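Read through the structure below, which is laid out as structure tokens, and then see the notes.
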Amino acid sequence: MRRVAHDPRPDWQARVEAVGLVYHTTDDGPYWDESAHYELTAAEVDLLEAATNELAELCLRAVDFVIDNNRFAELAIPDKAADAIRREWERDPPSLYGRFDLAFDGQNVKLLEYNADTPTALLEAAIAQWHWLKDVAPESDQFNSIWEALVTKWSTLRDENGIISQPVYFASADLAEDVMTVTVLREAAEEAGLRTQTLAMEDIGWDAGARRFVDLLGRPIGTIFKLYPWEWMVAEEFGSHALAADSGTDWIEPVWKLVLSNKGLLPILWEMFPGHRLLLPSYFGGSQGMSDYVRKPLLSREGANVSVYQGGKAVLETPGDYGEEGYVFQQFVELPDFDGHRPVVGSWVVDHSSSGIGIRESTGLVTDNLSSFVPHLMT
């Protein structure tokens, strides 16, 4: 694995905007950064793919473990959501995708966390970096079958009678990254032959008489993909209806993703599989004697409220509004350093199977919402 610096395409802004990446630049500079790319060998890609598939299997086993041992309280999951998780895990409604964030130095893979409910950076990974590759290195390959995997999964759901209803609704908050993530997923569903409809989260209605979620025209919503965190839904006015067995709505992602998107997954995995080569020592309730570790809130997003400790002392604390729900403590791992650039590999799974990667890098110790996306290719 190496990082190669070069000039970006002269018209790179227009190029990425043409595929929907309108949020390519922040006040601090390019978010989409094609002044460099990462190169990975076929052996490194094979290693990442195998590790991702193994982690996906471990995580599904962890959901079973949490349910069987009633470990919801440690994850700050309320009883009403726990009941729904038990029911929906048994019922097995559709699940679509997720993204593992991995530390990878070319030889060793370590799980940092799993965004299994509302992963973004999908447009960048599935679409934008593929178009970049075709422009700058058309003879090269890329670890990226994300789009094809999404279309295949939607096609499978279309063909399994009774699994989903049409139109499939797609909803998100009114943020550019969220809207474009949902757009990618919706277009994949349409390519698979499904009828779709978009809807703002705030426009999802509740028909109290029919006890159904409805769209703006009062039509019942049978299947909906929502890019909106389950922990927020559970806490909101109509959350109890979303958790009810008789609401008539299948939510993608399903409510059991509350377990996998929670940082409490990390100590659960370490308890289940102590010493596993893909995992970092992680604990509830304290550092357990570790001197170099990271304290993460159970529900934080984009690196918020993360504290990095080295030699037992905090060397970095990020701002944010999380932490009241509790923390986990994970062993600190050095990310590879390429002249001050530290990459985290976002390894995508579709239908719990490895389908490609996207790489985000930062100059600090924590990958956050200001970290840049850098494309990659295979050598």
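Quick note on naming: the chains in the structure tokens go A, B, ... in the order shown, residues restart at 1 in each chain, and ligands are numbered from 1 in order of appearance.
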TODO: Quick one: everything within 12 Å of stretch 217-223 of chain A, counting only C-alpha atoms, minus sequence neighbours fewer than 5 positions away in the same chain. Send it as a ChimeraX atom specification.
DONE: /A:93-95,157-158,162-171,194-199,203-212,242,246-254
Preceding selection exported with N, CA and C atoms as a tab-separated table (two decimals), in the first residue's frame:
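Okay, out.tsv is ready:
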```tsv
chain	number	residue	atom	x	y	z
A	93	PRO	N	-36.19	-9.09	8.40
A	93	PRO	CA	-36.55	-8.19	7.30
A	93	PRO	C	-35.31	-7.81	6.50
A	94	PRO	N	-35.50	-7.15	5.35
A	94	PRO	CA	-34.35	-6.83	4.50
A	94	PRO	C	-33.32	-5.95	5.20
A	95	SER	N	-32.06	-6.25	4.94
A	95	SER	CA	-30.92	-5.43	5.35
A	95	SER	C	-30.07	-5.19	4.12
A	157	LEU	N	-34.26	-8.76	-3.76
A	157	LEU	CA	-35.44	-8.37	-2.98
A	157	LEU	C	-36.67	-8.24	-3.87
A	158	ARG	N	-36.47	-7.75	-5.10
A	158	ARG	CA	-37.59	-7.64	-6.04
A	158	ARG	C	-38.17	-9.00	-6.37
A	162	GLY	N	-43.18	-10.86	-1.61
A	162	GLY	CA	-43.60	-10.52	-0.26
A	162	GLY	C	-42.52	-9.93	0.62
A	163	ILE	N	-41.26	-9.90	0.14
A	163	ILE	CA	-40.19	-9.37	0.97
A	163	ILE	C	-40.29	-7.85	1.07
A	164	ILE	N	-40.52	-7.18	-0.05
A	164	ILE	CA	-40.68	-5.73	-0.05
A	164	ILE	C	-41.91	-5.36	-0.86
A	165	SER	N	-42.44	-4.18	-0.58
A	165	SER	CA	-43.56	-3.66	-1.36
A	165	SER	C	-43.06	-2.50	-2.21
A	166	GLN	N	-43.82	-2.21	-3.26
A	166	GLN	CA	-43.48	-1.10	-4.14
A	166	GLN	C	-44.61	-0.08	-4.15
A	167	PRO	N	-44.24	1.22	-4.30
A	167	PRO	CA	-42.88	1.72	-4.46
A	167	PRO	C	-42.07	1.60	-3.18
A	168	VAL	N	-40.76	1.45	-3.36
A	168	VAL	CA	-39.85	1.53	-2.22
A	168	VAL	C	-39.57	3.00	-1.97
A	169	TYR	N	-39.83	3.45	-0.75
A	169	TYR	CA	-39.59	4.85	-0.41
A	169	TYR	C	-38.15	5.04	0.06
A	170	PHE	N	-37.62	6.23	-0.21
A	170	PHE	CA	-36.27	6.59	0.22
A	170	PHE	C	-36.33	7.94	0.91
A	171	ALA	N	-35.84	7.99	2.14
A	171	ALA	CA	-35.96	9.20	2.95
A	171	ALA	C	-34.64	9.52	3.63
A	194	LEU	N	-37.15	-1.81	-9.68
A	194	LEU	CA	-38.11	-1.44	-8.64
A	194	LEU	C	-38.66	-0.04	-8.87
A	195	ARG	N	-39.92	0.15	-8.53
A	195	ARG	CA	-40.48	1.49	-8.51
A	195	ARG	C	-40.11	2.16	-7.19
A	196	THR	N	-39.76	3.44	-7.25
A	196	THR	CA	-39.28	4.14	-6.06
A	196	THR	C	-39.97	5.48	-5.89
A	197	GLN	N	-39.82	6.03	-4.70
A	197	GLN	CA	-40.39	7.34	-4.37
A	197	GLN	C	-39.51	7.97	-3.28
A	198	THR	N	-39.20	9.25	-3.43
A	198	THR	CA	-38.42	9.93	-2.39
A	198	THR	C	-39.36	10.68	-1.46
A	199	LEU	N	-38.87	10.88	-0.25
A	199	LEU	CA	-39.67	11.50	0.79
A	199	LEU	C	-38.72	12.08	1.84
A	203	ASP	N	-41.61	14.46	6.31
A	203	ASP	CA	-42.88	14.31	5.60
A	203	ASP	C	-43.48	12.91	5.74
A	204	ILE	N	-42.83	12.05	6.49
A	204	ILE	CA	-43.43	10.75	6.79
A	204	ILE	C	-44.56	10.98	7.80
A	205	GLY	N	-45.76	10.60	7.42
A	205	GLY	CA	-46.92	10.83	8.28
A	205	GLY	C	-47.37	9.57	8.99
A	206	TRP	N	-48.22	9.78	9.99
A	206	TRP	CA	-48.80	8.66	10.74
A	206	TRP	C	-50.31	8.77	10.70
A	207	ASP	N	-50.97	7.78	10.12
A	207	ASP	CA	-52.43	7.71	10.08
A	207	ASP	C	-52.88	6.95	11.32
A	208	ALA	N	-53.37	7.69	12.32
A	208	ALA	CA	-53.71	7.06	13.60
A	208	ALA	C	-54.86	6.07	13.46
A	209	GLY	N	-55.81	6.38	12.56
A	209	GLY	CA	-56.95	5.48	12.39
A	209	GLY	C	-56.54	4.15	11.78
A	210	ALA	N	-55.73	4.21	10.74
A	210	ALA	CA	-55.28	2.99	10.07
A	210	ALA	C	-54.06	2.38	10.73
A	211	ARG	N	-53.45	3.12	11.64
A	211	ARG	CA	-52.21	2.70	12.29
A	211	ARG	C	-51.16	2.32	11.26
A	212	ARG	N	-50.92	3.26	10.34
A	212	ARG	CA	-49.94	3.06	9.28
A	212	ARG	C	-49.14	4.33	9.07
A	242	ALA	N	-42.88	3.21	15.02
A	242	ALA	CA	-41.90	2.55	14.16
A	242	ALA	C	-41.44	1.23	14.76
A	246	ASP	N	-47.17	-4.03	14.51
A	246	ASP	CA	-48.30	-3.94	13.59
A	246	ASP	C	-48.29	-2.67	12.76
A	247	SER	N	-47.14	-2.00	12.62
A	247	SER	CA	-47.11	-0.74	11.87
A	247	SER	C	-47.25	-0.96	10.38
A	248	GLY	N	-46.94	-2.15	9.89
A	248	GLY	CA	-47.06	-2.43	8.46
A	248	GLY	C	-45.93	-1.90	7.62
A	249	THR	N	-44.89	-1.35	8.24
A	249	THR	CA	-43.77	-0.77	7.51
A	249	THR	C	-42.49	-1.52	7.80
A	250	ASP	N	-41.79	-1.90	6.74
A	250	ASP	CA	-40.44	-2.44	6.88
A	250	ASP	C	-39.44	-1.31	6.67
A	251	TRP	N	-38.59	-1.11	7.67
A	251	TRP	CA	-37.57	-0.08	7.61
A	251	TRP	C	-36.24	-0.72	7.21
A	252	ILE	N	-35.60	-0.11	6.24
A	252	ILE	CA	-34.25	-0.50	5.85
A	252	ILE	C	-33.34	0.69	6.16
A	253	GLU	N	-32.40	0.55	7.04
A	253	GLU	CA	-31.97	-0.66	7.71
A	253	GLU	C	-32.93	-1.05	8.83
A	254	PRO	N	-32.98	-2.36	9.18
A	254	PRO	CA	-33.87	-2.81	10.24
A	254	PRO	C	-33.38	-2.37	11.61
```
- [ ] Compile the contact shell of stretch 33-47 of chain A as a PyMOL selection string: residues with an atom at most 10 Å away, counting only C-alpha atoms, same-chain residues fewer than 3 positions apart removed.
- [x] chain A and resi 1-9+12+24-25+29-30+50-52+104-109+129+132-133+141-143+343+356-357+359-361+371-379
Please, could you write that set of residues out with C-alpha atoms as a PDB file, in the first residue's frame?
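selection_37.pdb written:
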```
ATOM      1  CA  MET A   1       0.000   0.000   0.000  1.00  0.00           C
ATOM      2  CA  ARG A   2       1.394   3.383  -0.953  1.00  0.00           C
ATOM      3  CA  ARG A   3       0.256   6.949  -1.472  1.00  0.00           C
ATOM      4  CA  VAL A   4       1.104   8.625  -4.777  1.00  0.00           C
ATOM      5  CA  ALA A   5       0.909  12.418  -5.135  1.00  0.00           C
ATOM      6  CA  HIS A   6       0.108  14.043  -8.494  1.00  0.00           C
ATOM      7  CA  ASP A   7      -1.827  16.871 -10.084  1.00  0.00           C
ATOM      8  CA  PRO A   8      -5.620  16.556 -10.060  1.00  0.00           C
ATOM      9  CA  ARG A   9      -7.586  16.624 -13.284  1.00  0.00           C
ATOM     10  CA  TRP A  12     -11.927  17.945 -11.411  1.00  0.00           C
ATOM     11  CA  HIS A  24     -16.484  18.240  -2.910  1.00  0.00           C
ATOM     12  CA  THR A  25     -15.029  21.283  -1.133  1.00  0.00           C
ATOM     13  CA  GLY A  29     -10.199  22.861   1.361  1.00  0.00           C
ATOM     14  CA  PRO A  30     -11.089  19.916  -0.861  1.00  0.00           C
ATOM     15  CA  ALA A  50     -11.359 -11.702   3.581  1.00  0.00           C
ATOM     16  CA  ALA A  51     -11.089  -9.618   6.756  1.00  0.00           C
ATOM     17  CA  THR A  52     -14.273  -7.726   5.921  1.00  0.00           C
ATOM     18  CA  PHE A 104      -4.754  -1.125   7.570  1.00  0.00           C
ATOM     19  CA  ASP A 105      -1.000  -0.927   7.084  1.00  0.00           C
ATOM     20  CA  GLY A 106      -0.751  -3.316   4.158  1.00  0.00           C
ATOM     21  CA  GLN A 107      -0.409  -6.376   6.384  1.00  0.00           C
ATOM     22  CA  ASN A 108      -2.604  -5.989   9.461  1.00  0.00           C
ATOM     23  CA  VAL A 109      -6.314  -5.185   9.596  1.00  0.00           C
ATOM     24  CA  GLN A 129     -13.708   7.232  -7.582  1.00  0.00           C
ATOM     25  CA  TRP A 132     -11.800   9.098 -11.625  1.00  0.00           C
ATOM     26  CA  LEU A 133     -10.154   5.751 -12.391  1.00  0.00           C
ATOM     27  CA  ASP A 141      -8.593  -1.843 -11.673  1.00  0.00           C
ATOM     28  CA  GLN A 142     -10.157  -0.818  -8.389  1.00  0.00           C
ATOM     29  CA  PHE A 143     -11.531  -2.722  -5.410  1.00  0.00           C
ATOM     30  CA  PRO A 343      -5.754   6.795   6.027  1.00  0.00           C
ATOM     31  CA  GLY A 356     -15.226  -2.545  -2.150  1.00  0.00           C
ATOM     32  CA  ILE A 357     -13.454   0.228  -0.292  1.00  0.00           C
ATOM     33  CA  ILE A 359     -10.294   5.687   1.794  1.00  0.00           C
ATOM     34  CA  ARG A 360     -10.540   8.772   3.958  1.00  0.00           C
ATOM     35  CA  GLU A 361      -7.480  10.402   5.431  1.00  0.00           C
ATOM     36  CA  SER A 371     -11.249  14.275   6.648  1.00  0.00           C
ATOM     37  CA  SER A 372     -10.645  13.991   2.912  1.00  0.00           C
ATOM     38  CA  PHE A 373     -11.712  11.223   0.569  1.00  0.00           C
ATOM     39  CA  VAL A 374      -8.824  10.008  -1.600  1.00  0.00           C
ATOM     40  CA  PRO A 375      -9.398   7.581  -4.498  1.00  0.00           C
ATOM     41  CA  HIS A 376      -7.484   4.341  -4.957  1.00  0.00           C
ATOM     42  CA  LEU A 377      -6.471   1.847  -7.592  1.00  0.00           C
ATOM     43  CA  MET A 378      -5.017  -1.656  -7.718  1.00  0.00           C
ATOM     44  CA  THR A 379      -1.564  -2.472  -9.011  1.00  0.00           C
TER      45      THR A 379
END
```
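Ranking A:Ala103, A:Ala121, A:Leu112, A:Val182 by their shortest atom-to-atom distance to A:Tyr31, with only C-alpha atoms included, puts A:Ala121 first.
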Task: Counting only C-alpha atoms, the residue of A:Gly340, A:Pro274, A:Gly358, A:Gly364 that sits nearest A:Ser145 - done: A:Gly358
TODO: Could you tell me, as a count of residues only, which residues of stretch 343-373 of chain A DSSP assigns to strand (DSSP E) when given the backbone?
DONE: 20
Within 10 Å of A:Gly320 using only C-alpha atoms, minus same-chain residues under 3 positions, as a compact mmCIF listing (two decimals) with C-alpha atoms, in the first residue's frame:
```txt
# COMPACT_ATOMS: atom_id res chain seq x y z
CA SER A 300 -21.09 9.44 18.55
CA ARG A 301 -20.89 10.28 14.87
CA GLU A 302 -18.10 11.67 12.68
CA GLY A 303 -15.49 11.50 15.43
CA ALA A 304 -17.42 13.67 17.91
CA ASN A 305 -16.48 13.59 21.62
CA VAL A 306 -13.59 11.20 21.06
CA GLU A 317 -10.35 15.63 22.75
CA GLY A 323 -21.26 11.08 25.90
```
Open item on the list: I need the residues in stretch 62-252 of chain A that are helix (DSSP H, G or I) according to DSSP; give them as a PyMOL selection string.
Closed with: chain A and resi 62-68+72-75+79-91+122-136+146-159+176-191+201-203+230-235+239-243
Task: Selected residue of minimal separation from A:Lys257 among A:Ala62, A:Val308, A:Ala173, A:Ala235, counting only C-alpha atoms - done: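 Ranking A:Ala62, A:Val308, A:Ala173, A:Ala235 by distance to A:Lys257, first place goes to A:Ala62.
The two atoms in question, atom CA of A:Ala76 and atom CA of A:Leu299, are spaced 8.8 Å apart.
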